[in-house]
>>> print(open('data_35.cif').read())   # mmCIF, C-alpha atoms and all ligand atoms
data_query
loop_
_atom_site.group_PDB
_atom_site.id
_atom_site.type_symbol
_atom_site.label_atom_id
_atom_site.label_comp_id
_atom_site.auth_asym_id
_atom_site.auth_seq_id
_atom_site.Cartn_x
_atom_site.Cartn_y
_atom_site.Cartn_z
ATOM 1 C CA MET Z 1487 -20.552 -0.736 -56.270
ATOM 2 C CA PRO Z 1488 -17.174 -0.068 -54.620
ATOM 3 C CA VAL Z 1489 -17.017 -1.279 -51.064
ATOM 4 C CA PRO Z 1490 -14.284 -0.436 -48.507
ATOM 5 C CA LYS Z 1491 -12.073 -3.441 -47.874
ATOM 6 C CA ARG Z 1492 -11.745 -2.764 -44.160
ATOM 7 C CA LYS Z 1493 -13.754 -1.088 -41.480
ATOM 8 C CA THR Z 1494 -12.427 2.395 -40.683
ATOM 9 C CA SER Z 1495 -11.020 2.192 -37.173
ATOM 10 C CA LYS Z 1496 -12.295 4.510 -34.481
ATOM 11 C CA ARG Z 1497 -8.910 6.221 -34.455
ATOM 12 C CA ARG Z 1498 -8.891 6.967 -38.179
ATOM 13 C CA ARG Z 1499 -12.528 8.054 -38.131
ATOM 14 C CA ASP Z 1500 -12.063 10.360 -35.141
ATOM 15 C CA GLN Z 1501 -8.847 11.802 -36.542
ATOM 16 C CA ARG Z 1502 -10.723 12.772 -39.673
ATOM 17 C CA SER Z 1503 -13.623 14.364 -37.822
ATOM 18 C CA SER Z 1504 -11.357 16.151 -35.338
ATOM 19 C CA THR Z 1505 -10.241 18.599 -38.020
ATOM 20 C CA ARG Z 1506 -13.773 19.324 -39.153
ATOM 21 C CA PHE Z 1507 -14.564 22.157 -36.771
ATOM 22 C CA ILE Z 1508 -11.160 23.774 -36.536
ATOM 23 C CA ARG Z 1509 -11.322 26.849 -38.685
ATOM 24 C CA VAL Z 1510 -8.760 29.507 -37.998
ATOM 25 C CA LYS Z 1511 -9.873 32.358 -40.144
ATOM 26 C CA ALA Z 1512 -7.345 34.926 -41.134
ATOM 27 C CA ILE Z 1513 -8.585 38.322 -40.136
ATOM 28 C CA ALA Z 1514 -7.876 41.502 -42.031
ATOM 29 C CA LYS Z 1515 -9.008 45.036 -41.342
ATOM 30 C CA CYS Z 1516 -11.124 47.230 -43.551
ATOM 31 C CA SER Z 1517 -8.947 49.959 -45.078
ATOM 32 C CA ASN Z 1518 -11.737 52.491 -44.626
ATOM 33 C CA CYS Z 1519 -13.292 51.841 -41.211
ATOM 34 C CA GLU Z 1520 -10.896 49.210 -39.744
ATOM 35 C CA HIS Z 1521 -13.767 46.763 -39.189
ATOM 36 C CA PRO Z 1522 -12.352 43.207 -38.869
ATOM 37 C CA LEU Z 1523 -13.267 41.028 -41.850
ATOM 38 C CA PRO Z 1524 -11.977 38.019 -43.792
ATOM 39 C CA PRO Z 1525 -9.279 38.912 -46.338
ATOM 40 C CA HIS Z 1526 -10.197 39.604 -49.991
ATOM 41 C CA SER Z 1527 -13.736 40.554 -49.105
ATOM 42 C CA ALA Z 1528 -15.727 43.755 -49.203
ATOM 43 C CA CYS Z 1529 -16.483 45.373 -45.866
ATOM 44 C CA THR Z 1530 -20.018 44.725 -44.684
ATOM 45 C CA GLN Z 1531 -20.057 47.830 -42.505
ATOM 46 C CA CYS Z 1532 -19.046 50.517 -45.007
ATOM 47 C CA GLY Z 1533 -19.147 48.638 -48.354
ATOM 48 C CA PHE Z 1534 -15.558 49.482 -49.280
ATOM 49 C CA TYR Z 1535 -13.067 47.193 -51.012
ATOM 50 C CA LYS Z 1536 -9.529 48.349 -51.884
ATOM 51 C CA GLY Z 1537 -10.463 51.941 -51.098
ATOM 52 C CA LYS Z 1538 -13.521 52.025 -53.346
ATOM 53 C CA LYS Z 1539 -17.202 51.815 -52.556
ATOM 54 C CA VAL Z 1540 -18.331 48.551 -54.149
ATOM 55 C CA ILE Z 1541 -21.507 47.437 -52.377
ATOM 56 C CA ALA Z 1542 -24.506 49.224 -50.928
ATOM 57 C CA THR Z 1543 -24.774 48.639 -47.189
ATOM 58 C CA LYS Z 1544 -27.980 48.454 -45.213
ATOM 59 C CA LEU Z 1545 -27.426 52.025 -44.020
ATOM 60 C CA ASP Z 1546 -27.087 53.218 -47.645
ATOM 61 C CA ARG Z 1547 -30.348 51.517 -48.566
ATOM 62 C CA VAL Z 1548 -32.123 53.046 -45.566
ATOM 63 C CA LEU Z 1549 -30.814 56.509 -46.413
ATOM 64 C CA LYS Z 1550 -31.748 56.110 -50.073
ATOM 65 C CA ARG Z 1551 -35.230 54.929 -49.102
ATOM 66 C CA GLY Z 1552 -35.571 57.950 -46.803
ATOM 67 C CA GLU Z 1553 -34.536 60.299 -49.605
ATOM 68 C CA LEU Z 1554 -36.976 58.679 -52.012
ATOM 69 C CA LYS Z 1555 -39.723 58.998 -49.412
ATOM 70 C CA LYS Z 1556 -38.893 62.683 -48.881
ATOM 71 C CA ALA Z 1557 -38.852 63.326 -52.632
ATOM 72 C CA HIS Z 1558 -42.179 61.537 -52.999
ATOM 73 C CA GLN Z 1559 -43.733 63.540 -50.154
ATOM 74 C CA ALA Z 1560 -42.395 66.808 -51.597
ATOM 75 C CA ASN Z 1561 -43.858 65.870 -54.982
ATOM 76 C CA GLN Z 1562 -47.236 65.155 -53.393
ATOM 77 C CA HIS Z 1563 -47.176 68.493 -51.543
ATOM 78 C CA MET Z 1564 -46.371 70.274 -54.804
ATOM 79 C CA GLN Z 1565 -49.266 68.534 -56.557
ATOM 80 C CA GLU Z 1566 -51.664 69.390 -53.717
ATOM 81 C CA TYR Z 1567 -50.467 72.989 -53.787
ATOM 82 C CA ALA Z 1568 -50.942 73.157 -57.556
ATOM 83 C CA GLN Z 1569 -54.456 71.685 -57.237
ATOM 84 C CA GLU Z 1570 -55.403 74.211 -54.536
ATOM 85 C CA ASN Z 1571 -54.115 77.048 -56.705
ATOM 86 C CA ASN Z 1572 -56.076 75.749 -59.696
ATOM 87 C CA GLU Z 1573 -59.255 75.548 -57.588
ATOM 88 C CA GLN Z 1574 -58.717 79.113 -56.345
ATOM 89 C CA ASP Z 1575 -58.117 80.322 -59.915
ATOM 90 C CA ASN Z 1576 -61.326 78.652 -61.089
ATOM 91 C CA LYS Z 1577 -63.415 80.310 -58.342
HETATM 92 ZN ZN ZN Z 1601 -15.312 49.173 -43.710
#
>>> encode(input="data_35.cif", output="structure tokens", more="lines below")
Ligand SMILES: [Zn+2]
Amino acid sequence: MPVPKRKTSKRRRDQRSSTRFIRVKAIAKCSNCEHPLPPHSACTQCGFYKGKKVIATKLDRVLKRGELKKAHQANQHMQEYAQENNEQDNK
């Protein structure tokens, strides 16, 4: 097993760990909504990357879910309506 020849001095050790938490992130702006975000990444607010919609955002999912719910409810109403009509026809 390889073993270090010398003890790492406090200075060397602390110099190494001093750079650990320094992270200067470059910040770019979304081309669509100007939301600040790291470069080369899709916008988390609007889901755009290079002027195209690439990911579904939370808002999109909520809207889609709402539309599905509405469609489902409309379908149920139609079925109920059809059943009522059938019952009336049978009477
Ligand atoms: Zn955006």
>>> residues_near_ligand(input="data_35.cif", ligand="ligand ZN 1601 (chain Z)", cutoff="10 Å", atoms="all atoms listed in the file", output="PyMOL selection string")
chain Z and resi 1515-1523+1528-1535+1537+1539
>>> closest_residue(input="data_35.cif", among="Z:Ser1527, Z:Thr1543, Z:Asn1572, Z:Gln1562", to="Z:Ala1514", atoms="only C-alpha atoms")
Z:Ser1527
>>> atom_distance(input="data_35.cif", atom1="atom CA of Z:Pro1524", atom2="atom CA of Z:Arg1509")
12.3 Å
>>> atom_distance(input="data_35.cif", atom1="atom CA of Z:Ile1541", atom2="atom CA of Z:Ile1513")
20.0 Å
>>> atom_distance(input="data_35.cif", atom1="atom CA of Z:Lys1544", atom2="atom CA of Z:His1563")
28.5 Å
>>> build_atoms(input="data_35.cif", residues="stretch 1522-1542 of chain Z", atoms="N, CA, C and O atoms", output="PDB file, in the coordinates of the input")
ATOM      1  N   PRO Z1522     -12.990  44.486 -38.564  1.00  0.00           N
ATOM      2  CA  PRO Z1522     -12.352  43.207 -38.869  1.00  0.00           C
ATOM      3  C   PRO Z1522     -13.191  42.383 -39.842  1.00  0.00           C
ATOM      4  O   PRO Z1522     -14.411  42.273 -39.675  1.00  0.00           O
ATOM      5  N   LEU Z1523     -12.546  41.815 -40.852  1.00  0.00           N
ATOM      6  CA  LEU Z1523     -13.267  41.028 -41.850  1.00  0.00           C
ATOM      7  C   LEU Z1523     -12.321  40.033 -42.503  1.00  0.00           C
ATOM      8  O   LEU Z1523     -11.101  40.202 -42.420  1.00  0.00           O
ATOM      9  N   PRO Z1524     -12.846  38.967 -43.111  1.00  0.00           N
ATOM     10  CA  PRO Z1524     -11.977  38.019 -43.792  1.00  0.00           C
ATOM     11  C   PRO Z1524     -11.258  38.687 -44.960  1.00  0.00           C
ATOM     12  O   PRO Z1524     -11.818  39.601 -45.581  1.00  0.00           O
ATOM     13  N   PRO Z1525     -10.020  38.266 -45.265  1.00  0.00           N
ATOM     14  CA  PRO Z1525      -9.279  38.912 -46.338  1.00  0.00           C
ATOM     15  C   PRO Z1525      -9.940  38.718 -47.702  1.00  0.00           C
ATOM     16  O   PRO Z1525     -10.679  37.766 -47.923  1.00  0.00           O
ATOM     17  N   HIS Z1526      -9.678  39.622 -48.612  1.00  0.00           N
ATOM     18  CA  HIS Z1526     -10.197  39.604 -49.991  1.00  0.00           C
ATOM     19  C   HIS Z1526     -11.708  39.679 -50.021  1.00  0.00           C
ATOM     20  O   HIS Z1526     -12.361  39.015 -50.836  1.00  0.00           O
ATOM     21  N   SER Z1527     -12.286  40.426 -49.088  1.00  0.00           N
ATOM     22  CA  SER Z1527     -13.736  40.554 -49.105  1.00  0.00           C
ATOM     23  C   SER Z1527     -14.116  42.003 -48.844  1.00  0.00           C
ATOM     24  O   SER Z1527     -13.400  42.731 -48.171  1.00  0.00           O
ATOM     25  N   ALA Z1528     -15.242  42.389 -49.394  1.00  0.00           N
ATOM     26  CA  ALA Z1528     -15.727  43.755 -49.203  1.00  0.00           C
ATOM     27  C   ALA Z1528     -16.234  43.910 -47.783  1.00  0.00           C
ATOM     28  O   ALA Z1528     -16.770  42.970 -47.196  1.00  0.00           O
ATOM     29  N   CYS Z1529     -16.064  45.093 -47.247  1.00  0.00           N
ATOM     30  CA  CYS Z1529     -16.483  45.373 -45.866  1.00  0.00           C
ATOM     31  C   CYS Z1529     -18.005  45.420 -45.804  1.00  0.00           C
ATOM     32  O   CYS Z1529     -18.655  46.045 -46.634  1.00  0.00           O
ATOM     33  N   THR Z1530     -18.568  44.735 -44.816  1.00  0.00           N
ATOM     34  CA  THR Z1530     -20.018  44.725 -44.684  1.00  0.00           C
ATOM     35  C   THR Z1530     -20.528  45.968 -43.965  1.00  0.00           C
ATOM     36  O   THR Z1530     -21.707  46.273 -44.034  1.00  0.00           O
ATOM     37  N   GLN Z1531     -19.634  46.657 -43.261  1.00  0.00           N
ATOM     38  CA  GLN Z1531     -20.057  47.830 -42.505  1.00  0.00           C
ATOM     39  C   GLN Z1531     -20.140  49.069 -43.394  1.00  0.00           C
ATOM     40  O   GLN Z1531     -21.100  49.824 -43.321  1.00  0.00           O
ATOM     41  N   CYS Z1532     -19.077  49.288 -44.213  1.00  0.00           N
ATOM     42  CA  CYS Z1532     -19.046  50.517 -45.007  1.00  0.00           C
ATOM     43  C   CYS Z1532     -19.128  50.241 -46.505  1.00  0.00           C
ATOM     44  O   CYS Z1532     -19.314  51.170 -47.279  1.00  0.00           O
ATOM     45  N   GLY Z1533     -19.016  48.970 -46.937  1.00  0.00           N
ATOM     46  CA  GLY Z1533     -19.147  48.638 -48.354  1.00  0.00           C
ATOM     47  C   GLY Z1533     -17.925  48.950 -49.186  1.00  0.00           C
ATOM     48  O   GLY Z1533     -18.014  49.010 -50.415  1.00  0.00           O
ATOM     49  N   PHE Z1534     -16.775  49.138 -48.545  1.00  0.00           N
ATOM     50  CA  PHE Z1534     -15.558  49.482 -49.280  1.00  0.00           C
ATOM     51  C   PHE Z1534     -14.720  48.244 -49.562  1.00  0.00           C
ATOM     52  O   PHE Z1534     -14.711  47.296 -48.775  1.00  0.00           O
ATOM     53  N   TYR Z1535     -14.059  48.227 -50.694  1.00  0.00           N
ATOM     54  CA  TYR Z1535     -13.067  47.193 -51.012  1.00  0.00           C
ATOM     55  C   TYR Z1535     -11.935  47.860 -51.784  1.00  0.00           C
ATOM     56  O   TYR Z1535     -12.189  48.516 -52.800  1.00  0.00           O
ATOM     57  N   LYS Z1536     -10.709  47.717 -51.275  1.00  0.00           N
ATOM     58  CA  LYS Z1536      -9.529  48.349 -51.884  1.00  0.00           C
ATOM     59  C   LYS Z1536      -9.743  49.852 -52.070  1.00  0.00           C
ATOM     60  O   LYS Z1536      -9.450  50.413 -53.128  1.00  0.00           O
ATOM     61  N   GLY Z1537     -10.321  50.489 -51.066  1.00  0.00           N
ATOM     62  CA  GLY Z1537     -10.463  51.941 -51.098  1.00  0.00           C
ATOM     63  C   GLY Z1537     -11.578  52.471 -51.969  1.00  0.00           C
ATOM     64  O   GLY Z1537     -11.671  53.666 -52.179  1.00  0.00           O
ATOM     65  N   LYS Z1538     -12.402  51.567 -52.515  1.00  0.00           N
ATOM     66  CA  LYS Z1538     -13.521  52.025 -53.346  1.00  0.00           C
ATOM     67  C   LYS Z1538     -14.823  51.491 -52.781  1.00  0.00           C
ATOM     68  O   LYS Z1538     -14.875  50.386 -52.241  1.00  0.00           O
ATOM     69  N   LYS Z1539     -15.870  52.248 -52.971  1.00  0.00           N
ATOM     70  CA  LYS Z1539     -17.202  51.815 -52.556  1.00  0.00           C
ATOM     71  C   LYS Z1539     -17.712  50.819 -53.588  1.00  0.00           C
ATOM     72  O   LYS Z1539     -17.863  51.150 -54.765  1.00  0.00           O
ATOM     73  N   VAL Z1540     -17.935  49.571 -53.179  1.00  0.00           N
ATOM     74  CA  VAL Z1540     -18.331  48.551 -54.149  1.00  0.00           C
ATOM     75  C   VAL Z1540     -19.722  47.982 -53.893  1.00  0.00           C
ATOM     76  O   VAL Z1540     -20.385  47.520 -54.824  1.00  0.00           O
ATOM     77  N   ILE Z1541     -20.175  47.977 -52.637  1.00  0.00           N
ATOM     78  CA  ILE Z1541     -21.507  47.437 -52.377  1.00  0.00           C
ATOM     79  C   ILE Z1541     -22.310  48.432 -51.550  1.00  0.00           C
ATOM     80  O   ILE Z1541     -21.752  49.211 -50.798  1.00  0.00           O
ATOM     81  N   ALA Z1542     -23.622  48.382 -51.725  1.00  0.00           N
ATOM     82  CA  ALA Z1542     -24.506  49.224 -50.928  1.00  0.00           C
ATOM     83  C   ALA Z1542     -24.770  48.524 -49.604  1.00  0.00           C
ATOM     84  O   ALA Z1542     -25.171  47.360 -49.582  1.00  0.00           O
TER      85      ALA Z1542
END
